[in-house]
$ cat input.txt   # compact mmCIF, C-alpha atoms
# COMPACT_ATOMS: atom_id res chain seq x y z
CA MET Y 252 -11.76 30.42 -132.24
CA PHE Y 253 -9.75 27.33 -132.43
CA SER Y 254 -7.06 29.04 -134.32
CA LEU Y 255 -6.82 31.74 -131.73
CA ASN Y 256 -6.31 29.29 -128.92
CA PHE Y 257 -3.72 27.49 -130.94
CA ILE Y 258 -1.87 30.72 -131.49
CA ILE Y 259 -1.90 31.49 -127.74
CA VAL Y 260 -0.44 28.07 -126.93
CA ILE Y 261 2.29 28.57 -129.52
CA VAL Y 262 3.17 31.96 -128.02
CA ASN Y 263 3.37 30.52 -124.50
CA LEU Y 264 5.62 27.78 -125.73
CA LEU Y 265 7.87 30.31 -127.42
CA VAL Y 266 8.00 32.40 -124.24
CA LEU Y 267 8.88 29.30 -122.24
CA ILE Y 268 11.59 28.33 -124.68
CA MET Y 269 13.03 31.83 -124.64
CA GLY Y 270 13.04 31.85 -120.78
CA LEU Y 271 14.91 28.59 -120.72
CA SER Y 272 17.46 29.83 -123.20
CA THR Y 273 18.10 33.01 -121.22
CA ALA Y 274 18.29 31.18 -117.84
CA ALA Y 275 20.95 28.79 -119.09
CA PRO Y 276 23.72 31.37 -119.46
CA THR Y 277 22.82 32.84 -116.06
CA ILE Y 278 23.28 29.53 -114.36
CA SER Y 279 26.54 28.92 -116.06
CA THR Y 280 27.81 32.39 -115.19
CA SER Y 281 26.94 32.03 -111.51
CA THR Y 282 28.54 28.65 -111.47
CA LEU Y 283 31.71 30.10 -112.92
CA ILE Y 284 31.69 32.91 -110.40
CA ASN Y 285 31.23 30.45 -107.58
CA ASN Y 286 34.00 28.31 -108.91
CA ASN Y 287 36.32 31.30 -109.15
CA SER Y 288 35.48 32.39 -105.61
CA ASP Y 289 36.06 28.87 -104.33
CA ASN Y 290 39.41 28.80 -106.05
CA ASN Y 291 40.36 32.15 -104.57
CA HIS Y 292 39.19 31.00 -101.15
CA ASN Y 293 41.20 27.84 -101.43
CA ASP Y 294 44.22 29.86 -102.42
CA ASN Y 295 43.73 32.15 -99.43
CA ASN Y 296 43.29 29.19 -97.13
CA ALA Y 297 46.45 27.65 -98.46
CA ALA Y 298 48.36 30.86 -97.86
CA LEU Y 299 46.84 31.17 -94.42
CA LEU Y 300 47.71 27.59 -93.58
CA SER Y 301 51.24 28.08 -94.77
CA SER Y 302 51.63 31.19 -92.63
CA ILE Y 303 50.09 29.43 -89.63
CA SER Y 304 52.38 26.47 -90.08
CA ALA Y 305 55.35 28.77 -90.32
CA GLY Y 306 54.26 30.61 -87.18
CA THR Y 307 53.63 27.34 -85.41
CA ALA Y 308 57.04 26.13 -86.37
CA ALA Y 309 58.63 29.33 -85.10
CA GLU Y 310 56.57 29.17 -81.90
CA SER Y 311 57.45 25.54 -81.39
CA SER Y 312 61.11 26.34 -81.80
CA THR Y 313 60.77 29.20 -79.30
CA THR Y 314 58.84 26.99 -76.89
CA ALA Y 315 61.46 24.31 -77.19
CA THR Y 316 64.15 26.85 -76.42
CA GLN Y 317 62.19 28.10 -73.40
CA ASN Y 318 61.51 24.56 -72.21
CA ALA Y 319 65.18 23.82 -72.50
CA ALA Y 320 65.99 26.91 -70.43
CA LEU Y 321 63.34 26.22 -67.75
CA PRO Y 322 65.12 23.34 -65.96
CA ALA Y 323 68.30 25.36 -65.62
CA ALA Y 324 66.38 28.36 -64.25
CA ALA Y 325 64.37 26.14 -61.91
CA ASN Y 326 67.49 24.45 -60.63
CA SER Y 327 69.22 27.77 -60.02
CA TRP Y 328 66.14 29.13 -58.26
CA ARG Y 329 65.89 25.99 -56.14
CA LEU Y 330 69.54 26.16 -55.22
CA GLY Y 331 69.22 29.84 -54.40
CA LYS Y 332 66.19 29.16 -52.23
CA ARG Y 333 68.00 26.39 -50.38
CA HIS Y 334 71.03 28.63 -50.01
CA ARG Y 335 68.94 31.47 -48.57
CA LYS Y 336 67.12 29.09 -46.24
CA ARG Y 337 70.30 27.60 -44.88
CA HIS Y 338 71.89 30.98 -44.24
CA SER Y 339 68.82 32.82 -42.92
CA ASN Y 340 66.71 30.48 -40.79
CA TRP Y 341 69.51 28.61 -39.08
CA ASN Y 342 71.86 31.47 -38.29
CA ILE Y 343 69.42 33.84 -36.59
CA TYR Y 344 70.50 32.70 -33.12
CA ASN Y 345 74.10 31.95 -32.28
CA ASN Y 346 74.03 28.30 -31.24
CA PHE Y 347 77.26 27.56 -29.42
CA ASN Y 348 79.28 24.51 -30.29
CA GLU Y 349 79.81 21.80 -27.69
CA ASN Y 350 83.56 22.02 -28.17
CA SER Y 351 83.68 25.82 -28.14
CA SER Y 352 85.62 27.60 -25.42
CA ILE Y 353 82.87 30.25 -25.27
CA VAL Y 354 80.32 29.06 -22.74
CA GLU Y 355 76.72 30.24 -22.55
CA TRP Y 356 76.79 30.93 -18.79
CA SER Y 357 79.80 33.26 -18.91
CA ASN Y 358 79.55 37.04 -19.39
CA PRO Y 359 75.76 37.13 -19.92
CA CYS Y 360 75.67 40.93 -20.14
CA GLY Y 361 78.30 41.04 -22.89
CA GLY Y 362 80.52 43.54 -21.07
CA VAL Y 363 84.28 43.80 -20.82
CA PHE Y 364 85.95 43.59 -17.42
CA ASP Y 365 88.13 46.58 -16.64
CA PRO Y 366 90.51 45.83 -13.73
CA SER Y 367 91.21 49.56 -13.23
CA VAL Y 368 87.59 50.17 -12.18
CA LYS Y 369 87.08 49.45 -8.48
CA ASN Y 370 84.04 49.74 -6.27
CA THR Y 371 84.75 50.10 -2.57
CA ARG Y 372 81.50 51.77 -1.46
CA ARG Y 373 78.65 49.79 -0.02
CA PRO Y 374 75.14 50.84 -1.09
CA SER Y 375 72.78 52.42 1.38
CA LYS Y 376 69.61 50.69 2.54
CA GLN Y 377 67.55 52.71 0.09
CA GLU Y 378 69.83 51.84 -2.83
CA GLN Y 379 69.90 48.19 -1.80
CA ARG Y 380 66.12 48.15 -1.69
CA LYS Y 381 65.93 49.55 -5.23
CA ILE Y 382 68.38 46.92 -6.53
CA TYR Y 383 66.44 44.05 -4.97
CA LYS Y 384 63.14 45.47 -6.18
CA PHE Y 385 64.39 45.61 -9.78
CA LEU Y 386 65.66 42.01 -9.54
CA LYS Y 387 62.31 40.89 -8.11
CA ASN Y 388 60.37 42.61 -10.90
CA THR Y 389 62.60 41.05 -13.55
CA ALA Y 390 62.12 37.53 -12.17
CA LEU Y 391 58.33 37.80 -11.88
CA HIS Y 392 58.02 39.52 -15.27
CA ASP Y 393 59.96 36.75 -17.00
CA LEU Y 394 57.87 34.12 -15.23
CA ASN Y 395 54.59 35.71 -16.32
CA ARG Y 396 55.83 36.25 -19.87
CA LEU Y 397 56.86 32.60 -20.23
CA ASN Y 398 53.55 31.40 -18.77
CA ASP Y 399 51.58 33.58 -21.21
CA SER Y 400 53.69 32.67 -24.23
CA HIS Y 401 51.97 30.89 -27.14
CA ARG Y 402 54.84 28.40 -27.25
CA GLN Y 403 53.84 25.76 -24.72
CA ASP Y 404 55.12 22.63 -26.43
CA ILE Y 405 56.81 21.54 -23.17
CA ASN Y 406 53.83 20.70 -20.97
CA ILE Y 407 54.48 20.88 -17.21
CA SER Y 408 50.85 20.84 -16.07
CA ASN Y 409 51.05 17.07 -15.52
CA ILE Y 410 54.43 17.13 -13.75
CA TRP Y 411 52.96 15.27 -10.78
CA ASP Y 412 52.39 12.21 -13.00
CA TRP Y 413 56.15 12.04 -13.54
CA ARG Y 414 57.13 12.47 -9.88
CA LEU Y 415 58.93 9.12 -9.82
CA HIS Y 416 61.64 10.67 -12.00
CA ASN Y 417 62.17 13.63 -9.70
CA TYR Y 418 65.12 11.98 -7.93
CA ARG Y 419 67.17 12.28 -11.14
CA TYR Y 420 67.06 16.07 -11.01
CA LYS Y 421 68.60 16.75 -7.63
CA PHE Y 422 71.38 18.58 -9.43
CA LEU Y 423 68.94 21.35 -10.37
CA PRO Y 424 69.08 24.15 -7.75
CA LYS Y 425 66.02 24.85 -5.61
CA LEU Y 426 65.03 27.77 -3.41
CA LYS Y 427 63.04 27.54 -0.21
CA LEU Y 428 60.79 30.38 0.85
CA ASN Y 429 62.66 30.77 4.15
CA SER Y 430 66.04 31.06 2.41
CA SER Y 431 68.16 34.13 2.94
CA ILE Y 432 69.30 36.36 0.10
CA ALA Y 433 72.68 35.22 -1.25
CA LEU Y 434 73.19 36.73 -4.69
CA LYS Y 435 76.46 34.98 -5.46
CA ARG Y 436 74.98 31.59 -4.67
CA TRP Y 437 71.91 32.44 -6.75
CA TYR Y 438 74.20 33.40 -9.60
CA ARG Y 439 75.95 30.01 -9.53
CA ASN Y 440 72.60 28.26 -9.40
CA MET Y 441 71.29 30.17 -12.40
CA GLN Y 442 74.37 29.13 -14.37
CA THR Y 443 73.21 25.51 -14.06
CA TYR Y 444 69.84 26.37 -15.61
CA VAL Y 445 71.52 28.26 -18.45
CA ALA Y 446 73.77 25.28 -19.15
CA SER Y 447 70.82 22.84 -19.05
CA PHE Y 448 68.71 24.85 -21.49
CA ALA Y 449 71.69 25.41 -23.78
CA TYR Y 450 72.55 21.70 -23.91
CA LEU Y 451 68.96 20.56 -24.52
CA ARG Y 452 68.44 23.17 -27.22
CA ARG Y 453 71.68 22.25 -28.95
CA ILE Y 454 70.62 18.58 -29.13
CA GLN Y 455 67.08 19.42 -30.30
CA TYR Y 456 68.40 22.01 -32.76
CA THR Y 457 70.71 19.46 -34.42
CA TYR Y 458 67.94 16.88 -34.58
CA ASP Y 459 65.48 19.31 -36.21
CA HIS Y 460 68.06 20.48 -38.72
CA SER Y 461 68.83 16.96 -39.91
CA LYS Y 462 65.20 15.76 -40.01
CA SER Y 463 63.01 18.58 -41.27
CA GLN Y 464 65.31 21.51 -42.13
CA ARG Y 465 63.30 23.76 -39.79
CA GLU Y 466 63.06 24.52 -36.08
CA SER Y 467 60.40 22.67 -34.16
CA ASN Y 468 58.19 24.26 -31.51
CA THR Y 469 60.25 22.55 -28.82
CA SER Y 470 63.47 24.09 -30.11
CA GLN Y 471 61.88 27.54 -30.29
CA GLU Y 472 60.59 27.26 -26.72
CA LEU Y 473 64.02 26.15 -25.51
CA LYS Y 474 65.43 29.22 -27.22
CA GLU Y 475 63.06 31.46 -25.20
CA LEU Y 476 63.96 29.68 -21.96
CA LEU Y 477 67.66 30.04 -22.70
CA LYS Y 478 67.27 33.76 -23.36
CA SER Y 479 65.26 34.20 -20.16
CA SER Y 480 67.82 32.39 -18.00
CA ARG Y 481 70.70 34.38 -19.52
CA ASN Y 482 68.79 37.59 -18.89
CA MET Y 483 68.28 36.64 -15.24
CA LEU Y 484 71.97 35.75 -14.99
CA CYS Y 485 72.86 39.21 -16.32
CA GLU Y 486 70.59 40.93 -13.78
CA MET Y 487 72.09 38.88 -10.95
CA GLU Y 488 75.60 39.79 -12.04
CA ALA Y 489 74.64 43.47 -12.07
CA ALA Y 490 73.06 43.15 -8.62
CA VAL Y 491 76.18 41.46 -7.22
CA ASN Y 492 78.43 44.20 -8.61
CA LYS Y 493 76.22 46.93 -7.14
CA THR Y 494 75.77 45.45 -3.67
CA HIS Y 495 79.23 43.97 -3.02
CA PRO Y 496 82.43 46.06 -3.07
CA TYR Y 497 84.95 44.54 -5.45
CA LYS Y 498 88.54 45.01 -6.47
CA SER Y 499 88.79 42.17 -8.98
CA LEU Y 500 86.57 39.92 -11.10
CA GLN Y 501 83.59 38.94 -8.99
CA MET Y 502 82.40 35.65 -10.47
CA PRO Y 503 84.66 32.66 -11.16
CA VAL Y 504 84.53 31.22 -14.68
CA ILE Y 505 83.27 27.63 -14.91
CA THR Y 506 84.61 25.60 -17.83
CA ARG Y 507 82.43 23.44 -20.03
CA THR Y 508 84.02 20.26 -18.67
CA GLN Y 509 83.20 21.26 -15.11
CA MET Y 510 79.65 22.17 -16.03
CA ASN Y 511 79.04 18.93 -17.93
CA LYS Y 512 79.88 17.04 -14.76
CA ARG Y 513 77.05 18.85 -13.00
CA LEU Y 514 74.42 18.00 -15.61
CA LYS Y 515 72.81 14.62 -14.94
CA LEU Y 516 70.36 14.73 -17.84
CA LEU Y 517 68.89 11.63 -19.46
CA THR Y 518 69.61 13.15 -22.84
CA LYS Y 519 73.27 13.57 -21.99
CA GLU Y 520 73.55 9.97 -20.78
CA ARG Y 521 72.08 8.65 -24.05
CA VAL Y 522 74.30 10.86 -26.17
CA ASP Y 523 77.40 9.82 -24.21
CA LYS Y 524 76.53 6.16 -24.73
CA ASN Y 525 75.81 6.53 -28.45
CA PRO Y 526 77.63 9.64 -29.67
CA HIS Y 527 77.09 8.82 -33.36
CA ASP Y 528 73.31 8.33 -33.12
CA LEU Y 529 71.11 11.32 -33.84
CA GLN Y 530 68.71 11.85 -30.93
CA ALA Y 531 66.18 14.45 -29.84
CA ALA Y 532 66.02 15.97 -26.37
CA ASP Y 533 64.34 13.72 -23.83
CA SER Y 534 60.80 14.82 -22.94
CA ILE Y 535 61.32 14.07 -19.22
CA ASP Y 536 64.37 16.34 -19.15
CA LEU Y 537 62.40 19.11 -20.81
CA LYS Y 538 59.55 18.88 -18.30
CA PHE Y 539 61.64 18.87 -15.12
CA VAL Y 540 64.17 21.51 -16.16
CA LYS Y 541 61.39 23.90 -17.17
CA TYR Y 542 59.34 23.15 -14.05
CA HIS Y 543 62.21 23.69 -11.59
CA TYR Y 544 63.28 26.86 -13.41
CA PHE Y 545 59.78 28.29 -13.05
CA GLU Y 546 59.73 27.34 -9.36
CA TYR Y 547 63.12 28.98 -8.88
CA LEU Y 548 61.93 32.27 -10.40
CA LYS Y 549 58.70 32.24 -8.38
CA ASN Y 550 60.42 31.58 -5.05
CA MET Y 551 63.10 34.16 -5.82
CA GLY Y 552 60.45 36.79 -6.42
CA GLN Y 553 58.64 35.93 -3.18
CA ILE Y 554 61.84 35.98 -1.10
CA LEU Y 555 62.85 39.37 -2.50
CA ARG Y 556 59.35 40.76 -2.00
CA LYS Y 557 59.36 39.68 1.64
CA PHE Y 558 62.81 41.15 2.22
CA ILE Y 559 61.87 44.48 0.61
CA LYS Y 560 58.73 44.64 2.75
CA ASN Y 561 60.74 44.01 5.90
CA ILE Y 562 63.21 46.77 5.00
CA LYS Y 563 60.34 49.19 4.48
CA ASN Y 564 58.68 48.23 7.76
CA ASN Y 565 61.96 48.58 9.65
CA GLN Y 566 62.53 52.03 8.20
CA ASN Y 567 59.01 53.10 9.17
CA SER Y 568 59.30 51.69 12.69
CA THR Y 569 62.73 53.26 13.16
CA GLY Y 570 61.40 56.62 12.03
CA SER Y 571 58.37 56.46 14.32
CA ARG Y 572 60.54 55.32 17.28
CA ALA Y 573 62.93 58.22 16.71
CA ASN Y 574 60.07 60.69 16.60
CA SER Y 575 58.54 59.32 19.81
CA THR Y 576 61.90 59.34 21.59
CA GLN Y 577 62.51 62.93 20.55
CA PHE Y 578 59.05 63.90 21.78
CA ASN Y 579 59.60 62.20 25.12
CA GLU Y 580 62.98 63.84 25.55
CA ILE Y 581 61.43 67.28 25.04
CA GLU Y 582 58.59 66.67 27.49
CA LYS Y 583 60.70 64.97 30.14
CA SER Y 584 63.93 66.90 29.97
CA PRO Y 585 65.85 67.48 33.29
CA GLY Y 586 65.84 71.24 32.75
CA THR Y 587 62.09 71.28 32.69
CA LYS Y 588 61.91 69.35 35.97
CA ARG Y 589 64.43 71.68 37.59
CA LYS Y 590 62.51 74.79 36.57
CA SER Y 591 59.21 73.44 37.79
CA GLY Y 592 60.80 72.54 41.18
CA GLN Y 593 62.25 76.03 41.64
CA ARG Y 594 58.86 77.61 40.96
CA ALA Y 595 57.22 75.38 43.56
CA LYS Y 596 59.80 76.36 46.20
CA ARG Y 597 59.33 80.06 45.47
CA THR Y 598 55.61 79.75 45.81
CA LYS Y 599 55.95 77.89 49.10
CA ASN Y 600 58.32 80.52 50.53
CA ARG Y 601 55.96 83.31 49.54
CA ASN Y 602 53.10 81.60 51.30
CA LYS Y 603 55.20 81.27 54.48
CA LEU Y 604 56.13 84.95 54.49
CA ALA Y 605 52.52 85.91 53.99
$ encode --input "input.txt" --output "structure tokens"
Amino acid sequence: MFSLNFIIVIVNLLVLIMGLSTAAPTISTSTLINNNSDNNHNDNNAALLSSISAGTAAESSTTATQNAALPAAANSWRLGKRHRKRHSNWNIYNNFNENSSIVEWSNPCGGVFDPSVKNTRRPSKQEQRKIYKFLKNTALHDLNRLNDSHRQDINISNIWDWRLHNYRYKFLPKLKLNSSIALKRWYRNMQTYVASFAYLRRIQYTYDHSKSQRESNTSQELKELLKSSRNMLCEMEAAVNKTHPYKSLQMPVITRTQMNKRLKLLTKERVDKNPHDLQAADSIDLKFVKYHYFEYLKNMGQILRKFIKNIKNNQNSTGSRANSTQFNEIEKSPGTKRKSGQRAKRTKNRNKLA
């Protein structure tokens, strides 16, 4: 029994020894395989790193080239943008030079005077009424358009607070509601408003250009007012040519020197005192010139409306008076009286004979 157990123990030991001997080569083989794979992996990593480094070097060289080219491209783009801005934003509207012989209040319609064309016919009452009606509609339309405009940087709602400065602006023309229609005088008056808006816009335009490289809201509103006054001047010139017979140029040309003597603006006084100092348009000038221009348009429209209404009433009353006179002449004609008298005599003689 004992011997059998001893034999079993010996066999187990032998099996254990044999398992250890067989496991040893397996471990060594796997270790070798792992070592080989690690070596291959390291080789691959080295190759990959070398390729990455080469690519990085190439990319860095390309990036350096691009970075070197970026400042030049940016500078050219910036210069091109500044070039476009200077030649697009600031040359949209033709701003006349102070020393230019072309004045803003001359030839507002842009026509060419032809001395061979002569107008010797006076318009009829109906034609005159149509001309005045169109001028009235133009004045009131411009007034409403300017009041409804989104550009209201020049505030005239508080003009009464600045009434102490009103004496300075006696040179600006005014219209009373009981004034008569005088188109040539109105034309000369409108020239003063055109010159005032042109001068104030030129000063403000130069100031904006030097300070911020863009037009301010004040300069844009002055541009609208200048266009409106030139448009009214054109309509007045057309009305004068249609209502007055002419054989030569109707309106005299006023030079810039003569017009500058009319303008008594605070802005002009400051510029004349310090011609080398850059100054903006005076806010008091802006308020009063805009306010009196609006009042001029409003009173002009009311005067023309009243005149047109009177012409229409006169035509209606003349027509009704002519119709009544014609009716009375038919009813009370001498021939009718003579015939009725002869019939009465004949009837009386017949009665006597009977």
$ closest_atom_pairs --input "input.txt" --of "region 432-551 of chain Y" --to "region 413-425 of chain Y" --cutoff "8 Å" --atoms "only C-alpha atoms" --output "CSV"
residue,atom,partner,partner_atom,distance
Y:Asn440,CA,Y:Pro424,CA,5.7
Y:Met441,CA,Y:Pro424,CA,7.9
Y:Thr443,CA,Y:Leu423,CA,7.0
Y:Tyr444,CA,Y:Leu423,CA,7.3
Y:Arg513,CA,Y:Phe422,CA,6.7
Y:Leu514,CA,Y:Phe422,CA,6.9
Y:Lys515,CA,Y:Phe422,CA,6.9
Y:Leu516,CA,Y:Tyr420,CA,7.7
Y:Ile535,CA,Y:Trp413,CA,7.9
Y:Phe539,CA,Y:Tyr420,CA,7.4
Y:Val540,CA,Y:Leu423,CA,7.5
Y:His543,CA,Y:Lys425,CA,7.2
Y:Glu546,CA,Y:Lys425,CA,7.7
Y:Tyr547,CA,Y:Lys425,CA,6.0
$ write_last_selection --input "input.txt" --atoms "C-alpha atoms" --output "mmCIF file, in the coordinates of the input"
data_model
loop_
_atom_site.group_PDB
_atom_site.id
_atom_site.type_symbol
_atom_site.label_atom_id
_atom_site.label_comp_id
_atom_site.auth_asym_id
_atom_site.auth_seq_id
_atom_site.Cartn_x
_atom_site.Cartn_y
_atom_site.Cartn_z
ATOM 1 C CA ASN Y 440 72.600 28.260 -9.400
ATOM 2 C CA MET Y 441 71.290 30.170 -12.400
ATOM 3 C CA THR Y 443 73.210 25.510 -14.060
ATOM 4 C CA TYR Y 444 69.840 26.370 -15.610
ATOM 5 C CA ARG Y 513 77.050 18.850 -13.000
ATOM 6 C CA LEU Y 514 74.420 18.000 -15.610
ATOM 7 C CA LYS Y 515 72.810 14.620 -14.940
ATOM 8 C CA LEU Y 516 70.360 14.730 -17.840
ATOM 9 C CA ILE Y 535 61.320 14.070 -19.220
ATOM 10 C CA PHE Y 539 61.640 18.870 -15.120
ATOM 11 C CA VAL Y 540 64.170 21.510 -16.160
ATOM 12 C CA HIS Y 543 62.210 23.690 -11.590
ATOM 13 C CA GLU Y 546 59.730 27.340 -9.360
ATOM 14 C CA TYR Y 547 63.120 28.980 -8.880
#
$ atom_distance --input "input.txt" --atom1 "CA of Cys360 (chain Y)" --atom2 "CA of Ala449 (chain Y)"
16.4 Å
$ closest_residue --input "input.txt" --among "Y:Ala433, Y:Leu548, Y:Val262, Y:Ile559" --to "Asn395 (chain Y)" --atoms "only C-alpha atoms"
Y:Leu548
$ atom_distance --input "input.txt" --atom1 "CA of Asn468 (chain Y)" --atom2 "CA of Ile410 (chain Y)"
19.5 Å
$ closest_residue --input "input.txt" --among "Y:Ser351, Y:Glu520, Y:Gly552, Y:Asn406" --to "Phe385 (chain Y)" --atoms "only C-alpha atoms"
Y:Gly552
$ atom_distance --input "input.txt" --atom1 "CA of Gln464 (chain Y)" --atom2 "CA of Ile405 (chain Y)"
20.8 Å
$ residues_near_point --input "input.txt" --point "(62.2, 31.8, -13.4)" --cutoff "12 Å" --atoms "only C-alpha atoms" --output "NGL selection string"
:Y and (386-398 or 424-426 or 437 or 440-441 or 444-445 or 475-484 or 540-553)
$ axis_aligned_box --input "input.txt" --around "region 420-433 of chain Y" --padding-each-side "5 Å" --output "JSON"
{"center_x": 66.7, "center_y": 26.2, "center_z": -3.4, "size_x": 21.9, "size_y": 30.3, "size_z": 25.2}
$ decode --input "input.txt" --residues "region 541-557 of chain Y" --atoms "N, CA, C and O atoms" --output "PDB file, in the first residue's frame"
ATOM      1  N   LYS Y 541     -31.601 126.454 -42.575  1.00  0.00           N
ATOM      2  CA  LYS Y 541     -32.608 125.427 -42.855  1.00  0.00           C
ATOM      3  C   LYS Y 541     -34.004 125.921 -42.490  1.00  0.00           C
ATOM      4  O   LYS Y 541     -34.969 125.717 -43.252  1.00  0.00           O
ATOM      5  N   TYR Y 542     -34.129 126.589 -41.357  1.00  0.00           N
ATOM      6  CA  TYR Y 542     -35.447 127.065 -40.912  1.00  0.00           C
ATOM      7  C   TYR Y 542     -36.028 128.087 -41.893  1.00  0.00           C
ATOM      8  O   TYR Y 542     -37.196 127.987 -42.305  1.00  0.00           O
ATOM      9  N   HIS Y 543     -35.252 129.074 -42.291  1.00  0.00           N
ATOM     10  CA  HIS Y 543     -35.759 130.108 -43.200  1.00  0.00           C
ATOM     11  C   HIS Y 543     -36.022 129.543 -44.599  1.00  0.00           C
ATOM     12  O   HIS Y 543     -36.926 130.027 -45.306  1.00  0.00           O
ATOM     13  N   TYR Y 544     -35.258 128.529 -44.996  1.00  0.00           N
ATOM     14  CA  TYR Y 544     -35.532 127.892 -46.294  1.00  0.00           C
ATOM     15  C   TYR Y 544     -36.874 127.167 -46.262  1.00  0.00           C
ATOM     16  O   TYR Y 544     -37.670 127.263 -47.209  1.00  0.00           O
ATOM     17  N   PHE Y 545     -37.152 126.465 -45.169  1.00  0.00           N
ATOM     18  CA  PHE Y 545     -38.439 125.784 -45.042  1.00  0.00           C
ATOM     19  C   PHE Y 545     -39.590 126.796 -45.021  1.00  0.00           C
ATOM     20  O   PHE Y 545     -40.639 126.570 -45.639  1.00  0.00           O
ATOM     21  N   GLU Y 546     -39.408 127.902 -44.310  1.00  0.00           N
ATOM     22  CA  GLU Y 546     -40.443 128.933 -44.272  1.00  0.00           C
ATOM     23  C   GLU Y 546     -40.658 129.551 -45.657  1.00  0.00           C
ATOM     24  O   GLU Y 546     -41.795 129.863 -46.038  1.00  0.00           O
ATOM     25  N   TYR Y 547     -39.585 129.699 -46.399  1.00  0.00           N
ATOM     26  CA  TYR Y 547     -39.698 130.272 -47.749  1.00  0.00           C
ATOM     27  C   TYR Y 547     -40.508 129.350 -48.656  1.00  0.00           C
ATOM     28  O   TYR Y 547     -41.392 129.814 -49.400  1.00  0.00           O
ATOM     29  N   LEU Y 548     -40.235 128.054 -48.605  1.00  0.00           N
ATOM     30  CA  LEU Y 548     -40.991 127.103 -49.421  1.00  0.00           C
ATOM     31  C   LEU Y 548     -42.459 127.067 -49.010  1.00  0.00           C
ATOM     32  O   LEU Y 548     -43.358 127.026 -49.864  1.00  0.00           O
ATOM     33  N   LYS Y 549     -42.718 127.077 -47.715  1.00  0.00           N
ATOM     34  CA  LYS Y 549     -44.108 127.002 -47.241  1.00  0.00           C
ATOM     35  C   LYS Y 549     -44.896 128.235 -47.664  1.00  0.00           C
ATOM     36  O   LYS Y 549     -46.021 128.116 -48.179  1.00  0.00           O
ATOM     37  N   ASN Y 550     -44.324 129.423 -47.481  1.00  0.00           N
ATOM     38  CA  ASN Y 550     -45.037 130.646 -47.866  1.00  0.00           C
ATOM     39  C   ASN Y 550     -45.193 130.750 -49.382  1.00  0.00           C
ATOM     40  O   ASN Y 550     -46.221 131.242 -49.872  1.00  0.00           O
ATOM     41  N   MET Y 551     -44.201 130.281 -50.124  1.00  0.00           N
ATOM     42  CA  MET Y 551     -44.327 130.281 -51.577  1.00  0.00           C
ATOM     43  C   MET Y 551     -45.491 129.400 -52.028  1.00  0.00           C
ATOM     44  O   MET Y 551     -46.291 129.795 -52.894  1.00  0.00           O
ATOM     45  N   GLY Y 552     -45.607 128.229 -51.446  1.00  0.00           N
ATOM     46  CA  GLY Y 552     -46.717 127.356 -51.799  1.00  0.00           C
ATOM     47  C   GLY Y 552     -48.070 127.958 -51.462  1.00  0.00           C
ATOM     48  O   GLY Y 552     -49.028 127.856 -52.241  1.00  0.00           O
ATOM     49  N   GLN Y 553     -48.168 128.642 -50.312  1.00  0.00           N
ATOM     50  CA  GLN Y 553     -49.445 129.247 -49.924  1.00  0.00           C
ATOM     51  C   GLN Y 553     -49.797 130.438 -50.813  1.00  0.00           C
ATOM     52  O   GLN Y 553     -50.966 130.634 -51.169  1.00  0.00           O
ATOM     53  N   ILE Y 554     -48.812 131.233 -51.178  1.00  0.00           N
ATOM     54  CA  ILE Y 554     -49.072 132.380 -52.070  1.00  0.00           C
ATOM     55  C   ILE Y 554     -49.553 131.895 -53.438  1.00  0.00           C
ATOM     56  O   ILE Y 554     -50.519 132.426 -54.004  1.00  0.00           O
ATOM     57  N   LEU Y 555     -48.875 130.887 -53.985  1.00  0.00           N
ATOM     58  CA  LEU Y 555     -49.276 130.363 -55.286  1.00  0.00           C
ATOM     59  C   LEU Y 555     -50.651 129.701 -55.222  1.00  0.00           C
ATOM     60  O   LEU Y 555     -51.453 129.822 -56.160  1.00  0.00           O
ATOM     61  N   ARG Y 556     -50.931 129.013 -54.143  1.00  0.00           N
ATOM     62  CA  ARG Y 556     -52.245 128.370 -54.000  1.00  0.00           C
ATOM     63  C   ARG Y 556     -53.356 129.424 -53.965  1.00  0.00           C
ATOM     64  O   ARG Y 556     -54.410 129.257 -54.603  1.00  0.00           O
ATOM     65  N   LYS Y 557     -53.127 130.503 -53.245  1.00  0.00           N
ATOM     66  CA  LYS Y 557     -54.124 131.567 -53.177  1.00  0.00           C
ATOM     67  C   LYS Y 557     -54.317 132.230 -54.541  1.00  0.00           C
ATOM     68  O   LYS Y 557     -55.455 132.519 -54.952  1.00  0.00           O
TER      69      LYS Y 557
END
